[in-house]
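K.L.:
Shown below is the structure under consideration.
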Amino acid sequence: MSYPEQFTGFGVYSPQEWNHPKKHTFAPKNFYDGDIDIKIDFCGVCGSDVHCAHGNWGPSYSPIIVGHEIIGKVVKAGPKSNHKIGDRVGVGAQAFSCGECKSCKSHNEQYCTKAAYTYFGQYPDGYNTQGGYASHIRLPGKFAFRIPEALDSKHAAPLMCGGITCYSPLIRNGAGPGKKVAISGIGGIGHMAIMFAKALGAEVYAISRSDSKKEDALKLGADHYIATNEKGWETKYADTLDIILNCGSSWSGIDINLMLSTLTAGGKFVSISAPAADETLAVSAFPLGGKSISQSILGSGKEIEELLQLCAEKNIKPWIEEVPISADGTHEVLTRADKVDVRYRFVLTDFEKEFSDAY
Ligand code: NAP
Ligand code: ZN
Ligand code: ZN
């Protein structure tokens with residue numbers, strides 16, 4: 001085996017073996033002029049990795065290599081790729097968009113109907129995408145972003161999916177000075193959302209299902225903390241909030257109508273949650289009066305660049321737990337992320353050691 005004919009990764013073979021990824025080699029997609037190859041150094045572990053491995057969004061191809069918070073170095077650059085060998089770049093959850101449609105032409109490429117995710121996706125030539133628990137990734141250079149010097153790689157990794165997923169809806173919905181912004185669900189994405197909302201100048205409310213994360217939320221920059229298992233919490237905050245950004249991994253543990261009652265007129269409930277395909281929200285008419293609900297997906301390339309700059313300038317670092325990549329390591333991170341036993345983002349490390357055969 002010699003690079004670049006074969007890459008190596010840890011793939012999930014079936015939902016029954018969701019937390020036992022197995023090491024295997026695989027052929028990368030065809031290399032086009034706009035493509036690059038990245039030798040991966042770090043990969044964050046997103047709640048989506050767990051959903052996908054479980055088959056929560058429906059069946060996928062097998063094996064599927066999850067992971068879409070990738071940082072690495074460019075080792076091959078196509079002539080139309082805008083990158084050069086040696087560049088330190090990050091890749092998030094999107095690997096393709098058509099570049100032609102209305103969404104693509106208005107910095108909304110994450111909403112392109114032809115978009116392909118970094119894993120659980122397909123390129124127009126039929127190749128099934130494979131993610132970042134791997135030695136390398138090949139993708140269009142357009143979806144790889146230069147990492148500013150001031151950011152170290154392991155802290156930049158979680159920004160690539162989790163970070164942009166909460167940053168985009170915060171700025172698109174006007175989080176900033178004079179706004180009361182609540183972040184509901186304090187996990188990998190929620191903890192970053194608290195830091196970003198604070199950095200943008202908003203008054204920040206952290207909402208969690210118990211009081212166990214109060215100390216952390218205040219350290220992250222929240223001005224207020226709400227535990228929804230305390231009876232009557234919604235009455236105390238009725239008609240208060242301008243924005244609720246829902247960052248939980250499921251809708252089962254939130255009462256949407258109570259949440260809506262805490263928004264003021266014109267308030268917005270924006271969710272980034274991507275729960276199992278059969279979960280729905282049961283919204284009653286009156287709590288929704290004068291307010292709106294929407295779902296946000298990822299962020300645009302322009303917003304990713306903005307976020308990387310913001311974190312570099314303000315020295316914002318996700319709270320991470322490092323685990324070396326291996327069969328045991330990938331088993332551990334998926335198992336513990338599923339139990340929400342991490343504060344707040346796993347980052348897989350030591351790729352050179354594990355994949356020394358693949359270079
Ligand atoms: P995570 O680290 O596992 O955090 C999830 C948080 O959700 C937990 O800390 C918990 O917060 C809350 N939670 C757990 N079980 C819950 C339940 N049954 N009901 C309500 N809340 C619950 O996950 P993550 O990486 O932050 O991802 C969060 C969600 O975003 C996932 O569904 C993921 O697939 C999705 N996602 C969406 C996009 C997008 O573009 N829209 C992109 C990436 C990820 P508390 O204990 O504080 O309540
Ligand atoms: Zn993700
Ligand atoms: Zn498009």
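Numbering starts fresh at 1 for the residues of each chain in the structure tokens, the chains themselves are lettered A, B, ... in the order given, and ligands are numbered from 1 as they appear.
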Applying 8 Å and only C-alpha atoms, which residues near A:His68 remain after dropping the ones on its own chain fewer than 2 positions away? List them as a VMD selection string.
P.N.:
chain A and resid 43 to 46 66 70 91 to 93 118 to 119 131 to 132 160 to 161
K.L.:
Would you put the residues from that selection into a file with all heavy atoms, as an mmCIF file, in the first residue's frame?
P.N.:
```cif
data_model
loop_
_atom_site.group_PDB
_atom_site.id
_atom_site.type_symbol
_atom_site.label_atom_id
_atom_site.label_comp_id
_atom_site.auth_asym_id
_atom_site.auth_seq_id
_atom_site.Cartn_x
_atom_site.Cartn_y
_atom_site.Cartn_z
ATOM 1 N N CYS A 43 -8.918 15.297 15.206
ATOM 2 C CA CYS A 43 -10.333 15.303 14.808
ATOM 3 C C CYS A 43 -11.203 15.367 16.059
ATOM 4 O O CYS A 43 -11.076 14.518 16.960
ATOM 5 C CB CYS A 43 -10.666 14.055 13.986
ATOM 6 S SG CYS A 43 -12.338 14.120 13.290
ATOM 7 N N GLY A 44 -12.062 16.366 16.122
ATOM 8 C CA GLY A 44 -13.011 16.485 17.228
ATOM 9 C C GLY A 44 -14.120 15.445 17.072
ATOM 10 O O GLY A 44 -14.320 14.879 15.993
ATOM 11 N N VAL A 45 -14.823 15.200 18.160
ATOM 12 C CA VAL A 45 -15.894 14.191 18.165
ATOM 13 C C VAL A 45 -17.218 14.916 18.384
ATOM 14 O O VAL A 45 -17.496 15.427 19.471
ATOM 15 C CB VAL A 45 -15.649 13.144 19.276
ATOM 16 C CG1 VAL A 45 -16.810 12.153 19.350
ATOM 17 C CG2 VAL A 45 -14.320 12.425 19.026
ATOM 18 N N CYS A 46 -18.015 14.961 17.324
ATOM 19 C CA CYS A 46 -19.282 15.707 17.346
ATOM 20 C C CYS A 46 -20.419 14.768 17.751
ATOM 21 O O CYS A 46 -20.368 13.559 17.483
ATOM 22 C CB CYS A 46 -19.535 16.258 15.946
ATOM 23 S SG CYS A 46 -21.063 17.211 15.798
ATOM 24 N N VAL A 66 -16.717 8.177 10.528
ATOM 25 C CA VAL A 66 -17.284 9.450 10.964
ATOM 26 C C VAL A 66 -16.155 10.415 11.331
ATOM 27 O O VAL A 66 -14.976 10.082 11.200
ATOM 28 C CB VAL A 66 -18.306 9.241 12.115
ATOM 29 C CG1 VAL A 66 -19.463 8.379 11.657
ATOM 30 C CG2 VAL A 66 -17.626 8.651 13.352
ATOM 31 N N ILE A 70 -11.911 18.348 11.553
ATOM 32 C CA ILE A 70 -10.605 17.858 11.117
ATOM 33 C C ILE A 70 -9.595 18.994 11.012
ATOM 34 O O ILE A 70 -9.892 20.050 10.437
ATOM 35 C CB ILE A 70 -10.783 17.215 9.715
ATOM 36 C CG1 ILE A 70 -11.727 15.995 9.821
ATOM 37 C CG2 ILE A 70 -9.435 16.842 9.098
ATOM 38 C CD1 ILE A 70 -12.227 15.491 8.469
ATOM 39 N N VAL A 91 -11.301 21.222 8.252
ATOM 40 C CA VAL A 91 -12.458 20.788 7.460
ATOM 41 C C VAL A 91 -13.601 20.519 8.423
ATOM 42 O O VAL A 91 -13.403 19.900 9.475
ATOM 43 C CB VAL A 91 -12.123 19.491 6.682
ATOM 44 C CG1 VAL A 91 -13.370 18.925 6.006
ATOM 45 C CG2 VAL A 91 -11.025 19.738 5.662
ATOM 46 N N GLY A 92 -14.782 20.990 8.047
ATOM 47 C CA GLY A 92 -15.960 20.758 8.878
ATOM 48 C C GLY A 92 -16.864 19.698 8.278
ATOM 49 O O GLY A 92 -16.395 18.736 7.661
ATOM 50 N N ALA A 93 -18.161 19.908 8.428
ATOM 51 C CA ALA A 93 -19.121 18.845 8.096
ATOM 52 C C ALA A 93 -19.572 18.871 6.644
ATOM 53 O O ALA A 93 -20.347 18.025 6.224
ATOM 54 C CB ALA A 93 -20.329 18.949 9.013
ATOM 55 N N THR A 118 -19.403 15.672 4.933
ATOM 56 C CA THR A 118 -18.054 15.105 4.965
ATOM 57 C C THR A 118 -18.081 13.588 5.185
ATOM 58 O O THR A 118 -17.196 12.875 4.738
ATOM 59 C CB THR A 118 -17.247 15.827 6.060
ATOM 60 O OG1 THR A 118 -17.283 17.220 5.753
ATOM 61 C CG2 THR A 118 -15.814 15.361 6.153
ATOM 62 N N TYR A 119 -19.093 13.119 5.935
ATOM 63 C CA TYR A 119 -19.429 11.688 5.947
ATOM 64 C C TYR A 119 -20.945 11.618 5.895
ATOM 65 O O TYR A 119 -21.610 12.622 6.147
ATOM 66 C CB TYR A 119 -18.863 10.947 7.176
ATOM 67 C CG TYR A 119 -19.357 11.448 8.516
ATOM 68 C CD1 TYR A 119 -20.607 11.068 9.023
ATOM 69 C CD2 TYR A 119 -18.600 12.320 9.288
ATOM 70 C CE1 TYR A 119 -21.083 11.536 10.237
ATOM 71 C CE2 TYR A 119 -19.059 12.794 10.507
ATOM 72 C CZ TYR A 119 -20.301 12.396 10.971
ATOM 73 O OH TYR A 119 -20.782 12.871 12.172
ATOM 74 N N GLY A 131 -15.102 10.308 6.627
ATOM 75 C CA GLY A 131 -14.692 11.418 7.489
ATOM 76 C C GLY A 131 -13.318 11.299 8.111
ATOM 77 O O GLY A 131 -12.414 10.643 7.572
ATOM 78 N N GLY A 132 -13.171 11.911 9.273
ATOM 79 C CA GLY A 132 -11.857 12.260 9.810
ATOM 80 C C GLY A 132 -11.230 11.334 10.820
ATOM 81 O O GLY A 132 -10.145 11.631 11.309
ATOM 82 N N MET A 160 -14.660 23.546 13.770
ATOM 83 C CA MET A 160 -14.933 23.276 12.357
ATOM 84 C C MET A 160 -16.364 22.797 12.107
ATOM 85 O O MET A 160 -16.950 23.100 11.079
ATOM 86 C CB MET A 160 -13.928 22.268 11.788
ATOM 87 C CG MET A 160 -12.486 22.739 11.811
ATOM 88 S SD MET A 160 -12.197 24.412 11.194
ATOM 89 C CE MET A 160 -12.883 24.321 9.549
ATOM 90 N N CYS A 161 -16.937 22.031 13.070
ATOM 91 C CA CYS A 161 -18.374 21.726 12.937
ATOM 92 C C CYS A 161 -19.152 22.340 14.095
ATOM 93 O O CYS A 161 -19.971 23.219 13.909
ATOM 94 C CB CYS A 161 -18.661 20.232 12.863
ATOM 95 S SG CYS A 161 -20.459 19.958 12.881
#
```
K.L.:
How would you write, as a PDB file with N, CA and C atoms, in the first residue's frame, the set of residues in stretch 7-141 of chain A that DSSP gives as alpha helix (DSSP H)?
P.N.:
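Produced file states17.pdb, reproduced below:
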```pdb
ATOM      1  N   GLY A  47     -21.471  15.345  18.349  1.00  0.00           N
ATOM      2  CA  GLY A  47     -22.667  14.556  18.652  1.00  0.00           C
ATOM      3  C   GLY A  47     -23.201  13.863  17.410  1.00  0.00           C
ATOM      4  N   SER A  48     -22.964  14.451  16.245  1.00  0.00           N
ATOM      5  CA  SER A  48     -23.431  13.841  14.991  1.00  0.00           C
ATOM      6  C   SER A  48     -22.707  12.523  14.712  1.00  0.00           C
ATOM      7  N   ASP A  49     -21.460  12.397  15.145  1.00  0.00           N
ATOM      8  CA  ASP A  49     -20.729  11.137  14.938  1.00  0.00           C
ATOM      9  C   ASP A  49     -21.489  10.001  15.626  1.00  0.00           C
ATOM     10  N   VAL A  50     -21.976  10.311  16.827  1.00  0.00           N
ATOM     11  CA  VAL A  50     -22.702   9.303  17.616  1.00  0.00           C
ATOM     12  C   VAL A  50     -24.042   8.982  16.941  1.00  0.00           C
ATOM     13  N   HIS A  51     -24.777  10.031  16.542  1.00  0.00           N
ATOM     14  CA  HIS A  51     -26.069   9.805  15.848  1.00  0.00           C
ATOM     15  C   HIS A  51     -25.866   8.933  14.616  1.00  0.00           C
ATOM     16  N   CYS A  52     -24.861   9.271  13.819  1.00  0.00           N
ATOM     17  CA  CYS A  52     -24.645   8.564  12.556  1.00  0.00           C
ATOM     18  C   CYS A  52     -24.245   7.109  12.814  1.00  0.00           C
ATOM     19  N   ALA A  53     -23.346   6.908  13.777  1.00  0.00           N
ATOM     20  CA  ALA A  53     -22.898   5.541  14.079  1.00  0.00           C
ATOM     21  C   ALA A  53     -24.062   4.668  14.534  1.00  0.00           C
ATOM     22  N   HIS A  54     -24.978   5.260  15.302  1.00  0.00           N
ATOM     23  CA  HIS A  54     -26.154   4.534  15.787  1.00  0.00           C
ATOM     24  C   HIS A  54     -27.166   4.248  14.670  1.00  0.00           C
TER      25      HIS A  54
END
```
K.L.:
List every residue of chain A that has an atom at most 6 Å from any atom of ligand 1, giving for each one its closest atom pair and the distance in Å to one decimal, counting only C-alpha atoms and all ligand atoms, sorted by chain and then by ascending residue number, as JSON lines.
P.N.:
```
{"residue": "A:Cys46", "atom": "CA", "partner": "ligand 1", "partner_atom_place_in_ligand_line": "25 (O)", "distance": 4.2}
{"residue": "A:Gly47", "atom": "CA", "partner": "ligand 1", "partner_atom_place_in_ligand_line": "25 (O)", "distance": 3.4}
{"residue": "A:Ser48", "atom": "CA", "partner": "ligand 1", "partner_atom_place_in_ligand_line": "34 (O)", "distance": 3.5}
{"residue": "A:Cys161", "atom": "CA", "partner": "ligand 1", "partner_atom_place_in_ligand_line": "43 (C)", "distance": 5.7}
{"residue": "A:Gly162", "atom": "CA", "partner": "ligand 1", "partner_atom_place_in_ligand_line": "43 (C)", "distance": 5.3}
{"residue": "A:Thr165", "atom": "CA", "partner": "ligand 1", "partner_atom_place_in_ligand_line": "40 (O)", "distance": 5.2}
{"residue": "A:Gly185", "atom": "CA", "partner": "ligand 1", "partner_atom_place_in_ligand_line": "11 (O)", "distance": 3.6}
{"residue": "A:Ile186", "atom": "CA", "partner": "ligand 1", "partner_atom_place_in_ligand_line": "47 (O)", "distance": 3.7}
{"residue": "A:Gly187", "atom": "CA", "partner": "ligand 1", "partner_atom_place_in_ligand_line": "9 (O)", "distance": 3.2}
{"residue": "A:Gly188", "atom": "CA", "partner": "ligand 1", "partner_atom_place_in_ligand_line": "2 (O)", "distance": 3.7}
{"residue": "A:Ile189", "atom": "CA", "partner": "ligand 1", "partner_atom_place_in_ligand_line": "26 (O)", "distance": 3.6}
{"residue": "A:Gly190", "atom": "CA", "partner": "ligand 1", "partner_atom_place_in_ligand_line": "26 (O)", "distance": 5.7}
{"residue": "A:Ser208", "atom": "CA", "partner": "ligand 1", "partner_atom_place_in_ligand_line": "47 (O)", "distance": 3.7}
{"residue": "A:Arg209", "atom": "CA", "partner": "ligand 1", "partner_atom_place_in_ligand_line": "48 (O)", "distance": 4.2}
{"residue": "A:Cys247", "atom": "CA", "partner": "ligand 1", "partner_atom_place_in_ligand_line": "28 (C)", "distance": 5.2}
{"residue": "A:Gly248", "atom": "CA", "partner": "ligand 1", "partner_atom_place_in_ligand_line": "7 (O)", "distance": 3.2}
{"residue": "A:Ser249", "atom": "CA", "partner": "ligand 1", "partner_atom_place_in_ligand_line": "32 (O)", "distance": 3.3}
{"residue": "A:Ser250", "atom": "CA", "partner": "ligand 1", "partner_atom_place_in_ligand_line": "19 (N)", "distance": 4.3}
{"residue": "A:Trp251", "atom": "CA", "partner": "ligand 1", "partner_atom_place_in_ligand_line": "19 (N)", "distance": 5.0}
{"residue": "A:Ser252", "atom": "CA", "partner": "ligand 1", "partner_atom_place_in_ligand_line": "19 (N)", "distance": 4.5}
{"residue": "A:Gly253", "atom": "CA", "partner": "ligand 1", "partner_atom_place_in_ligand_line": "19 (N)", "distance": 3.2}
{"residue": "A:Ile254", "atom": "CA", "partner": "ligand 1", "partner_atom_place_in_ligand_line": "20 (C)", "distance": 5.2}
{"residue": "A:Ile272", "atom": "CA", "partner": "ligand 1", "partner_atom_place_in_ligand_line": "41 (N)", "distance": 3.8}
{"residue": "A:Ser273", "atom": "CA", "partner": "ligand 1", "partner_atom_place_in_ligand_line": "30 (O)", "distance": 4.1}
{"residue": "A:Ala274", "atom": "CA", "partner": "ligand 1", "partner_atom_place_in_ligand_line": "32 (O)", "distance": 3.8}
{"residue": "A:Pro275", "atom": "CA", "partner": "ligand 1", "partner_atom_place_in_ligand_line": "32 (O)", "distance": 4.8}
{"residue": "A:Ser296", "atom": "CA", "partner": "ligand 1", "partner_atom_place_in_ligand_line": "41 (N)", "distance": 5.3}
{"residue": "A:Ile297", "atom": "CA", "partner": "ligand 1", "partner_atom_place_in_ligand_line": "40 (O)", "distance": 3.4}
{"residue": "A:Leu298", "atom": "CA", "partner": "ligand 1", "partner_atom_place_in_ligand_line": "40 (O)", "distance": 3.7}
{"residue": "A:Ala337", "atom": "CA", "partner": "ligand 1", "partner_atom_place_in_ligand_line": "3 (O)", "distance": 5.7}
{"residue": "A:Val340", "atom": "CA", "partner": "ligand 1", "partner_atom_place_in_ligand_line": "3 (O)", "distance": 5.2}
```
K.L.:
Just the residues within 10 Å of A:Val270, please, counting only C-alpha atoms, with nothing from its chain fewer than 3 positions along; format it as a list in words.
P.N.:
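Near neighbours after the sequence-gap exclusion: Cys166, Pro169, Leu170, Asn173, Ile183, Ile243, Ile244, Leu245, Asn246, Cys247, Gly267, Ser273, Ser292, Ile293, Ser294, Gln295 and Ser296 of chain A.
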K.L.:
For the contact check between chain A and ligand 3, emit one row per residue of chain A within 6 Å, containing the shortest atom pair and the distance in Å rounded to one decimal, counting only C-alpha atoms and all ligand atoms, chain then rising number order, as a Markdown table.
P.N.:
```
| residue | atom | partner | partner_atom_place_in_ligand_line | distance |
| --- | --- | --- | --- | --- |
| A:Ser97 | CA | ligand 3 | 1 (Zn) | 5.0 |
| A:Cys98 | CA | ligand 3 | 1 (Zn) | 3.9 |
| A:Gly99 | CA | ligand 3 | 1 (Zn) | 4.8 |
| A:Glu100 | CA | ligand 3 | 1 (Zn) | 5.2 |
| A:Cys101 | CA | ligand 3 | 1 (Zn) | 4.2 |
| A:Ser103 | CA | ligand 3 | 1 (Zn) | 5.7 |
| A:Cys104 | CA | ligand 3 | 1 (Zn) | 4.4 |
| A:Glu109 | CA | ligand 3 | 1 (Zn) | 5.9 |
| A:Cys112 | CA | ligand 3 | 1 (Zn) | 4.0 |
| A:Lys114 | CA | ligand 3 | 1 (Zn) | 5.9 |
```
K.L.:
Residues of the last selection are to be written out with N, CA and C atoms, as a CSV table (one decimal), in the first residue's frame.
P.N.:
```csv
chain,number,residue,atom,x,y,z
A,97,SER,N,-20.6,21.4,-2.5
A,97,SER,CA,-21.9,22.1,-2.9
A,97,SER,C,-21.8,22.4,-4.4
A,98,CYS,N,-22.9,22.7,-5.1
A,98,CYS,CA,-22.8,22.7,-6.5
A,98,CYS,C,-22.1,24.0,-7.0
A,99,GLY,N,-22.1,25.1,-6.2
A,99,GLY,CA,-21.5,26.3,-6.6
A,99,GLY,C,-22.3,27.2,-7.6
A,100,GLU,N,-23.4,26.7,-8.0
A,100,GLU,CA,-24.2,27.3,-9.1
A,100,GLU,C,-25.5,27.9,-8.6
A,101,CYS,N,-26.1,27.3,-7.6
A,101,CYS,CA,-27.5,27.6,-7.2
A,101,CYS,C,-27.6,28.9,-6.4
A,103,SER,N,-28.5,29.4,-3.4
A,103,SER,CA,-27.9,29.3,-2.0
A,103,SER,C,-26.4,29.4,-2.1
A,104,CYS,N,-25.8,28.7,-3.1
A,104,CYS,CA,-24.3,28.7,-3.2
A,104,CYS,C,-23.9,30.1,-3.6
A,109,GLU,N,-24.1,28.1,1.1
A,109,GLU,CA,-23.9,26.8,0.4
A,109,GLU,C,-24.2,25.6,1.3
A,112,CYS,N,-27.4,24.3,0.0
A,112,CYS,CA,-27.4,23.8,-1.4
A,112,CYS,C,-28.1,22.4,-1.4
A,114,LYS,N,-27.7,20.2,-3.4
A,114,LYS,CA,-26.7,19.1,-3.8
A,114,LYS,C,-25.6,19.0,-2.9
```
K.L.:
Out of A:Leu159, A:Ile38, A:Ala116, A:Met195, which residue has the shortest atom-to-atom distance to ligand 2 when counting only C-alpha atoms and all ligand atoms?
P.N.:
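Among A:Leu159, A:Ile38, A:Ala116, A:Met195, it is A:Leu159 that comes nearest to ligand 2.
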K.L.:
What is the atom CA of A:Lys214 to atom CA of A:Trp319 distance in Å?
P.N.:
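Going from atom CA of A:Lys214 over to atom CA of A:Trp319, I get 15.2 Å.
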K.L.:
Using only C-alpha atoms, which protein or nucleic acid residues come within 8 Å of stretch 19-30 of chain A? Drop anything in the same chain fewer than 3 positions from it, and give the result as a compact mmCIF listing (two decimals) with C-alpha atoms, in the first residue's frame.
P.N.:
```txt
# COMPACT_ATOMS: atom_id res chain seq x y z
CA PRO A 4 -2.23 8.18 -2.09
CA GLU A 5 -3.75 4.97 -3.49
CA GLN A 6 -5.06 3.91 -0.10
CA PHE A 7 -6.04 5.81 3.03
CA THR A 8 -6.60 4.19 6.43
CA GLY A 9 -9.41 4.88 8.88
CA PHE A 10 -11.65 3.55 11.63
CA GLY A 11 -15.03 2.68 10.14
CA VAL A 12 -18.36 1.78 11.69
CA TYR A 13 -19.65 -1.37 10.00
CA ALA A 53 -22.90 5.54 14.08
CA TYR A 127 -18.37 8.27 -4.23
CA ILE A 137 -9.06 13.04 3.66
CA ARG A 138 -9.45 14.09 0.03
CA ALA A 327 -9.48 1.09 18.16
CA THR A 330 -12.53 5.59 19.04
CA HIS A 331 -14.51 3.09 21.14
CA GLU A 332 -14.03 5.24 24.23
CA LEU A 334 -18.16 7.24 21.00
CA THR A 335 -19.25 5.38 24.14
```
K.L.:
Smallest atom-to-atom distance to ligand 2: which of A:Gln94, A:Asn128, A:Gln309, A:Ser356, using only C-alpha atoms and all ligand atoms?
P.N.:
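Counting only C-alpha atoms and all ligand atoms, the residue closest to ligand 2 is A:Gln94.
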K.L.:
In Å to one decimal, how far is atom CA of A:Ser14 from atom CA of A:Leu281?
P.N.:
28.4 Å
K.L.:
Which residues are near stretch 286-291 of chain A? Cut-off 7 Å, only C-alpha atoms, ignore same chain within fewer than 3 positions. Put them as a VMD selection string.
P.N.:
chain A and resid 257 260 to 261 265 to 268
K.L.:
Counting only C-alpha atoms, which of A:Thr240, A:Ala77, A:Lys180, A:Gly121 gets nearest to A:Pro59?
P.N.:
A:Gly121
K.L.:
Let me make sure I understand: among A:Pro79, A:Gly163, A:Gly176, A:Gly55, which one has the smallest atom-to-atom distance to A:Asp35 if we use only C-alpha atoms?
P.N.:
A:Pro79
K.L.:
Using only C-alpha atoms, which protein or nucleic acid residues come within 8 Å of stretch 227-234 of chain A? Drop anything in the same chain fewer than 3 positions from it, and give the result as a list of chain:residue names.
P.N.:
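Answer for this query is A:Ile207, A:Ser208, A:Arg209, A:Ser210, A:Asp211, A:Tyr237, A:Ala238, A:Leu258, A:Met259, A:Ser261, A:Thr262.
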K.L.:
Just asking: which residues within stretch 32-189 of chain A are strand (DSSP E) according to DSSP, as a PyMOL selection string?
P.N.:
chain A and resi 35-44+70-77+88-91+94-96+116-117+136-140+144-146+180-184
